[in-house]
$ cat query_32.cif   # mmCIF, C-alpha atoms
data_input
#
loop_
_atom_site.label_atom_id
_atom_site.label_comp_id
_atom_site.auth_asym_id
_atom_site.auth_seq_id
_atom_site.Cartn_x
_atom_site.Cartn_y
_atom_site.Cartn_z
CA MET M 5 -8.68 183.28 186.83
CA SER M 6 -9.24 179.63 187.68
CA LYS M 7 -12.63 177.92 187.99
CA LEU M 8 -11.80 177.09 191.61
CA THR M 9 -11.17 180.76 192.43
CA LEU M 10 -14.40 181.84 190.74
CA ASN M 11 -16.36 179.15 192.61
CA ASP M 12 -14.84 180.32 195.91
CA LYS M 13 -15.82 183.90 195.07
CA ARG M 14 -19.42 182.91 194.22
CA SER M 15 -19.77 180.89 197.43
CA GLY M 16 -18.43 183.73 199.56
CA LYS M 17 -15.27 181.84 200.63
CA ALA M 18 -12.96 184.24 198.78
CA ARG M 19 -12.87 187.90 197.91
CA ILE M 20 -11.15 189.00 194.73
CA ALA M 21 -9.91 192.58 194.84
CA PRO M 22 -8.46 194.27 191.77
CA TRP M 23 -4.97 195.73 192.11
CA ILE M 24 -4.76 199.49 191.91
CA SER M 25 -2.59 200.75 189.07
CA LEU M 26 -0.63 203.82 190.12
CA LYS M 27 0.33 206.64 187.77
CA LYS M 28 3.80 206.23 186.25
CA LEU M 29 6.29 209.03 186.79
CA ILE M 30 8.99 210.08 184.33
CA ASP M 31 11.79 208.07 185.98
CA TYR M 32 9.84 205.72 188.24
CA ASP M 33 7.06 203.17 187.92
CA PRO M 34 5.53 202.46 191.37
CA ASN M 35 3.61 199.48 189.92
CA ILE M 36 6.84 197.48 189.60
CA TYR M 37 7.41 197.81 193.35
CA ALA M 38 3.80 196.81 194.08
CA VAL M 39 4.06 193.68 191.91
CA GLN M 40 7.37 192.66 193.52
CA HIS M 41 5.79 192.95 196.97
CA SER M 42 2.32 191.67 196.17
CA ASN M 43 2.43 189.16 199.05
CA THR M 44 2.97 192.01 201.49
CA LEU M 45 0.01 193.89 200.05
CA ALA M 46 -2.19 190.79 200.26
CA TYR M 47 -1.10 190.13 203.87
CA LEU M 48 -1.82 193.73 204.84
CA ASP M 49 -5.24 193.55 203.19
CA CYS M 50 -6.02 190.30 205.06
CA TYR M 51 -4.92 191.81 208.37
CA LEU M 52 -6.98 194.97 207.89
CA GLN M 53 -10.07 192.98 206.81
CA TYR M 54 -10.04 190.43 209.64
CA LYS M 55 -8.07 191.90 212.58
CA ASN M 56 -11.23 192.38 214.67
CA SER M 57 -12.93 189.07 213.91
CA VAL M 58 -10.32 186.28 214.11
CA GLU M 59 -7.87 184.96 216.66
CA PHE M 60 -5.04 184.05 214.28
CA ILE M 61 -3.97 184.94 210.75
CA ILE M 62 -1.69 182.67 208.77
CA PHE M 63 0.60 184.56 206.39
CA SER M 64 1.63 181.89 203.92
CA PRO M 65 2.05 181.28 200.22
CA LEU M 66 -1.12 179.65 198.91
CA ASP M 67 0.66 176.44 197.95
CA GLU M 68 2.11 175.82 201.43
CA VAL M 69 0.46 173.86 204.26
CA VAL M 70 1.01 174.07 208.02
CA LEU M 71 0.86 170.72 209.80
CA PRO M 72 0.44 170.87 213.59
CA HIS M 73 3.32 169.09 215.32
CA VAL M 74 2.95 170.17 218.97
CA GLU M 75 -0.82 169.76 219.49
CA GLN M 76 -3.68 167.93 217.74
CA SER M 77 -5.44 171.00 216.28
CA TYR M 78 -4.40 174.30 214.75
CA PRO M 79 -5.90 176.54 217.49
CA ALA M 80 -4.38 174.42 220.26
CA GLU M 81 -1.01 174.39 218.51
CA PHE M 82 -0.94 178.14 217.93
CA ARG M 83 -2.08 178.95 221.49
CA ALA M 84 0.56 176.65 222.98
CA LEU M 85 3.34 178.14 220.85
CA PHE M 86 2.32 181.74 221.56
CA LEU M 87 2.15 181.00 225.29
CA SER M 88 5.52 179.23 225.41
CA ARG M 89 7.36 181.81 223.27
CA GLY M 90 5.74 184.98 224.57
CA THR M 91 5.63 186.57 221.13
CA PRO M 92 2.74 187.67 218.87
CA LEU M 93 4.32 186.06 215.80
CA ILE M 94 5.53 182.50 215.21
CA HIS M 95 7.38 181.11 212.21
CA TYR M 96 7.14 177.70 210.57
CA ASN M 97 9.95 176.46 208.41
CA ILE M 98 8.96 175.35 204.95
CA LYS M 99 10.32 171.90 204.18
CA ARG M 100 10.75 170.42 200.75
CA THR M 101 8.55 167.36 200.41
CA GLN M 102 7.92 164.57 197.98
CA GLY M 103 4.69 162.64 197.88
CA VAL M 104 3.61 159.27 196.57
CA ALA M 105 1.55 159.22 193.36
CA HIS M 106 -1.53 157.00 193.16
CA LYS M 107 -2.48 155.26 189.96
CA SER M 108 -6.09 154.61 190.89
CA MET M 109 -8.70 156.57 192.81
CA VAL M 110 -10.27 153.28 193.89
CA SER M 111 -7.51 152.62 196.43
CA PHE M 112 -6.75 156.27 197.28
CA MET M 113 -7.28 157.55 200.82
CA PRO M 114 -6.56 161.19 201.79
CA SER M 115 -4.53 160.01 204.79
CA ASP M 116 -2.18 158.26 202.32
CA ILE M 117 -0.87 161.71 201.35
CA LEU M 118 0.41 162.36 204.86
CA HIS M 119 1.81 158.86 205.33
CA GLY M 120 3.64 159.01 202.00
CA ILE M 121 5.46 162.32 202.50
CA ASN M 122 9.25 162.36 202.46
CA PHE M 123 10.97 165.50 203.80
CA ASN M 124 14.01 166.60 201.78
CA GLY M 125 15.31 169.57 203.77
CA THR M 126 14.36 173.00 205.04
CA VAL M 127 13.88 175.89 202.62
CA GLY M 128 13.21 178.79 204.99
CA ASN M 129 10.69 180.27 207.40
CA HIS M 130 8.12 181.71 205.02
CA ILE M 131 5.00 180.79 206.97
CA ARG M 132 4.07 183.19 209.76
CA ILE M 133 1.16 182.96 212.16
CA ALA M 134 0.10 186.08 214.06
CA ASP M 135 -1.81 186.23 217.34
CA ILE M 136 -4.13 189.04 216.28
CA ARG M 137 -5.09 190.10 219.81
CA ALA M 138 -1.44 190.65 220.73
CA VAL M 139 -0.61 192.31 217.41
CA ASN M 140 -3.54 194.70 217.80
CA GLN M 141 -2.49 195.62 221.36
CA GLU M 142 1.23 195.99 220.66
CA GLU M 143 0.92 197.33 217.12
CA VAL M 144 3.84 195.17 216.00
#

$ encode --input "query_32.cif" --output "C-alpha coordinates"
Amino acid sequence: MSKLTLNDKRSGKARIAPWISLKKLIDYDPNIYAVQHSNTLAYLDCYLQYKNSVEFIIFSPLDEVVLPHVEQSYPAEFRALFLSRGTPLIHYNIKRTQGVAHKSMVSFMPSDILHGINFNGTVGNHIRIADIRAVNQEEV
(Lines of atoms letter the chains of each structure in order from A and count residues from 1; the text may use other names and numbers.)
(Lines give C-alpha, C1' and ligand atoms only; values in the text may rest on other atoms or scores of the structure.)
Protein backbone atom coordinates (compact mmCIF):
# COMPACT_ATOMS: atom_id res chain seq x y z
CA MET A 1 0.00 0.00 0.00
CA SER A 2 1.39 3.40 -0.93
CA LYS A 3 2.31 6.16 1.53
CA LEU A 4 -0.26 8.41 -0.14
CA THR A 5 -3.05 5.87 0.45
CA LEU A 6 -2.04 5.41 4.09
CA ASN A 7 -1.94 9.18 4.62
CA ASP A 8 -5.42 9.49 3.08
CA LYS A 9 -6.68 6.75 5.40
CA ARG A 10 -5.19 8.42 8.50
CA SER A 11 -6.67 11.81 7.56
CA GLY A 12 -10.12 10.31 6.97
CA LYS A 13 -10.14 11.07 3.22
CA ALA A 14 -10.12 7.38 2.26
CA ARG A 15 -11.46 4.15 3.62
CA ILE A 16 -9.57 0.94 2.96
CA ALA A 17 -11.75 -2.16 3.08
CA PRO A 18 -10.26 -5.64 2.87
CA TRP A 19 -11.58 -7.90 0.12
CA ILE A 20 -13.55 -10.90 1.30
CA SER A 21 -12.05 -14.21 0.23
CA LEU A 22 -14.77 -16.71 -0.66
CA LYS A 23 -14.48 -20.45 -0.15
CA LYS A 24 -13.22 -22.31 -3.23
CA LEU A 25 -15.40 -25.07 -4.61
CA ILE A 26 -14.14 -28.24 -6.30
CA ASP A 27 -14.55 -26.92 -9.87
CA TYR A 28 -14.97 -23.20 -9.30
CA ASP A 29 -13.09 -20.38 -7.59
CA PRO A 30 -15.44 -17.39 -7.02
CA ASN A 31 -12.45 -15.21 -6.07
CA ILE A 32 -11.27 -15.14 -9.70
CA TYR A 33 -14.58 -13.59 -10.73
CA ALA A 34 -14.40 -11.04 -7.89
CA VAL A 35 -10.86 -9.98 -8.88
CA GLN A 36 -11.83 -9.63 -12.55
CA HIS A 37 -14.73 -7.37 -11.59
CA SER A 38 -13.13 -5.50 -8.71
CA ASN A 39 -14.11 -2.12 -10.19
CA THR A 40 -17.76 -3.14 -10.09
CA LEU A 41 -17.43 -4.18 -6.46
CA ALA A 42 -15.72 -0.89 -5.57
CA TYR A 43 -18.40 1.13 -7.41
CA LEU A 44 -21.18 -0.76 -5.64
CA ASP A 45 -19.49 -0.19 -2.27
CA CYS A 46 -19.15 3.55 -3.03
CA TYR A 47 -22.81 3.78 -4.07
CA LEU A 48 -24.04 1.96 -0.96
CA GLN A 49 -21.84 4.06 1.35
CA TYR A 50 -22.74 7.48 -0.06
CA LYS A 51 -26.12 7.21 -1.85
CA ASN A 52 -27.91 9.20 0.88
CA SER A 53 -25.31 11.93 1.39
CA VAL A 54 -24.08 13.10 -2.03
CA GLU A 55 -25.61 14.52 -5.19
CA PHE A 56 -23.31 12.81 -7.71
CA ILE A 57 -20.98 9.83 -7.78
CA ILE A 58 -18.21 9.57 -10.35
CA PHE A 59 -17.46 6.00 -11.38
CA SER A 60 -13.99 6.26 -12.86
CA PRO A 61 -10.62 4.55 -12.84
CA LEU A 62 -8.42 6.30 -10.28
CA ASP A 63 -5.95 7.48 -12.90
CA GLU A 64 -8.57 9.26 -15.04
CA VAL A 65 -9.69 12.89 -14.69
CA VAL A 66 -12.94 14.55 -15.76
CA LEU A 67 -12.52 18.07 -17.11
CA PRO A 68 -15.71 20.17 -17.32
CA HIS A 69 -16.32 21.31 -20.88
CA VAL A 70 -19.91 22.62 -20.78
CA GLU A 71 -19.87 24.67 -17.55
CA GLN A 72 -17.21 26.20 -15.27
CA SER A 73 -17.61 23.80 -12.31
CA TYR A 74 -18.27 20.11 -11.84
CA PRO A 75 -21.69 20.49 -10.13
CA ALA A 76 -22.89 22.99 -12.75
CA GLU A 77 -21.64 20.75 -15.56
CA PHE A 78 -23.27 17.61 -14.19
CA ARG A 79 -26.59 19.37 -13.45
CA ALA A 80 -26.70 20.87 -16.96
CA LEU A 81 -25.97 17.53 -18.63
CA PHE A 82 -28.51 15.61 -16.53
CA LEU A 83 -31.16 18.25 -17.26
CA SER A 84 -30.48 18.33 -21.01
CA ARG A 85 -30.29 14.53 -21.42
CA GLY A 86 -33.03 13.49 -19.03
CA THR A 87 -31.07 10.48 -17.78
CA PRO A 88 -29.64 9.57 -14.35
CA LEU A 89 -26.31 8.50 -15.86
CA ILE A 90 -23.90 10.38 -18.14
CA HIS A 91 -20.77 9.08 -19.82
CA TYR A 92 -17.49 10.84 -20.53
CA ASN A 93 -15.19 9.51 -23.20
CA ILE A 94 -11.64 8.86 -22.10
CA LYS A 95 -9.16 10.49 -24.44
CA ARG A 96 -5.53 9.58 -24.78
CA THR A 97 -3.39 12.54 -23.79
CA GLN A 98 0.22 13.56 -23.80
CA GLY A 99 1.60 16.20 -21.49
CA VAL A 100 4.64 18.43 -21.47
CA ALA A 101 7.45 17.53 -19.06
CA HIS A 102 9.06 20.28 -16.98
CA LYS A 103 12.75 20.22 -16.18
CA SER A 104 12.58 22.61 -13.25
CA MET A 105 10.07 23.19 -10.48
CA VAL A 106 11.12 26.85 -10.39
CA SER A 107 9.22 27.63 -13.59
CA PHE A 108 6.41 25.07 -13.14
CA MET A 109 2.81 26.23 -12.80
CA PRO A 110 -0.08 23.75 -12.33
CA SER A 111 -2.02 25.47 -15.12
CA ASP A 112 0.85 24.53 -17.48
CA ILE A 113 -0.37 20.92 -17.30
CA LEU A 114 -3.72 21.83 -18.84
CA HIS A 115 -2.23 24.16 -21.45
CA GLY A 116 0.30 21.54 -22.52
CA ILE A 117 -2.09 18.63 -23.09
CA ASN A 118 -2.33 17.11 -26.56
CA PHE A 119 -5.30 14.82 -27.25
CA ASN A 120 -4.45 11.73 -29.31
CA GLY A 121 -7.85 10.07 -29.78
CA THR A 122 -10.76 8.56 -27.91
CA VAL A 123 -10.35 5.29 -26.03
CA GLY A 124 -13.89 4.66 -24.79
CA ASN A 125 -16.55 5.83 -22.35
CA HIS A 126 -15.22 4.46 -19.07
CA ILE A 127 -16.11 7.41 -16.86
CA ARG A 128 -19.70 7.48 -15.63
CA ILE A 129 -21.36 10.09 -13.45
CA ALA A 130 -24.61 9.18 -11.68
CA ASP A 131 -27.27 11.58 -10.42
CA ILE A 132 -27.82 9.81 -7.11
CA ARG A 133 -31.27 11.29 -6.45
CA ALA A 134 -32.57 9.97 -9.77
CA VAL A 135 -30.82 6.61 -9.38
CA ASN A 136 -32.30 6.17 -5.90
CA GLN A 137 -35.82 6.99 -7.14
CA GLU A 138 -35.69 4.90 -10.31
CA GLU A 139 -33.50 2.11 -8.95
CA VAL A 140 -31.55 1.99 -12.21

$ residues_around --input "query_32.cif" --residues "Val139 of chain M" --least-positions-apart "6" --cutoff "12 Å" --atoms "all atoms listed in the file" --output "list in words"
Tyr51, Leu52, Lys55, Asn56, Val58, Glu59, Phe60, Ile61, Phe86, Thr91, Pro92, Leu93, Ile94 and Ile133 of chain M

$ closest_residue --input "query_32.cif" --among "M:Leu10, M:Ala84, M:Met113, M:Ile62" --to "Ala134 of chain M" --atoms "only C-alpha atoms"
M:Ile62

$ closest_residue --input "query_32.cif" --among "M:Ile131, M:Lys13, M:Asn43, M:Ile30" --to "Leu71 of chain M" --atoms "all atoms listed in the file"
M:Ile131

$ atom_distance --input "query_32.cif" --atom1 "atom CA of Arg132 of chain M" --atom2 "atom CA of Gly90 of chain M"
15.0 Å

$ atom_distance --input "query_32.cif" --atom1 "atom CA of Ile98 of chain M" --atom2 "atom CA of Asp12 of chain M"
25.9 Å

$ closest_residue --input "query_32.cif" --among "M:Asp49, M:Asp33, M:Glu68, M:Asp135" --to "Arg89 of chain M" --atoms "all atoms listed in the file"
M:Asp135

$ closest_residue --input "query_32.cif" --among "M:Ser111, M:Asn124, M:Ser64, M:Asn35" --to "Tyr96 of chain M" --atoms "all atoms listed in the file"
M:Ser64

$ atom_distance --input "query_32.cif" --atom1 "atom CA of Val70 of chain M" --atom2 "atom CA of Ser15 of chain M"
24.3 Å

$ closest_residue --input "query_32.cif" --among "M:Ser57, M:Cys50, M:Thr44, M:Tyr78" --to "Ala18 of chain M" --atoms "only C-alpha atoms"
M:Cys50

$ resolve_selection --input "query_32.cif" --expression "the PyMOL selection byres ((chain M and resi 100) around 6)" --output "PyMOL selection string"
chain M and resi 99+101+123-125
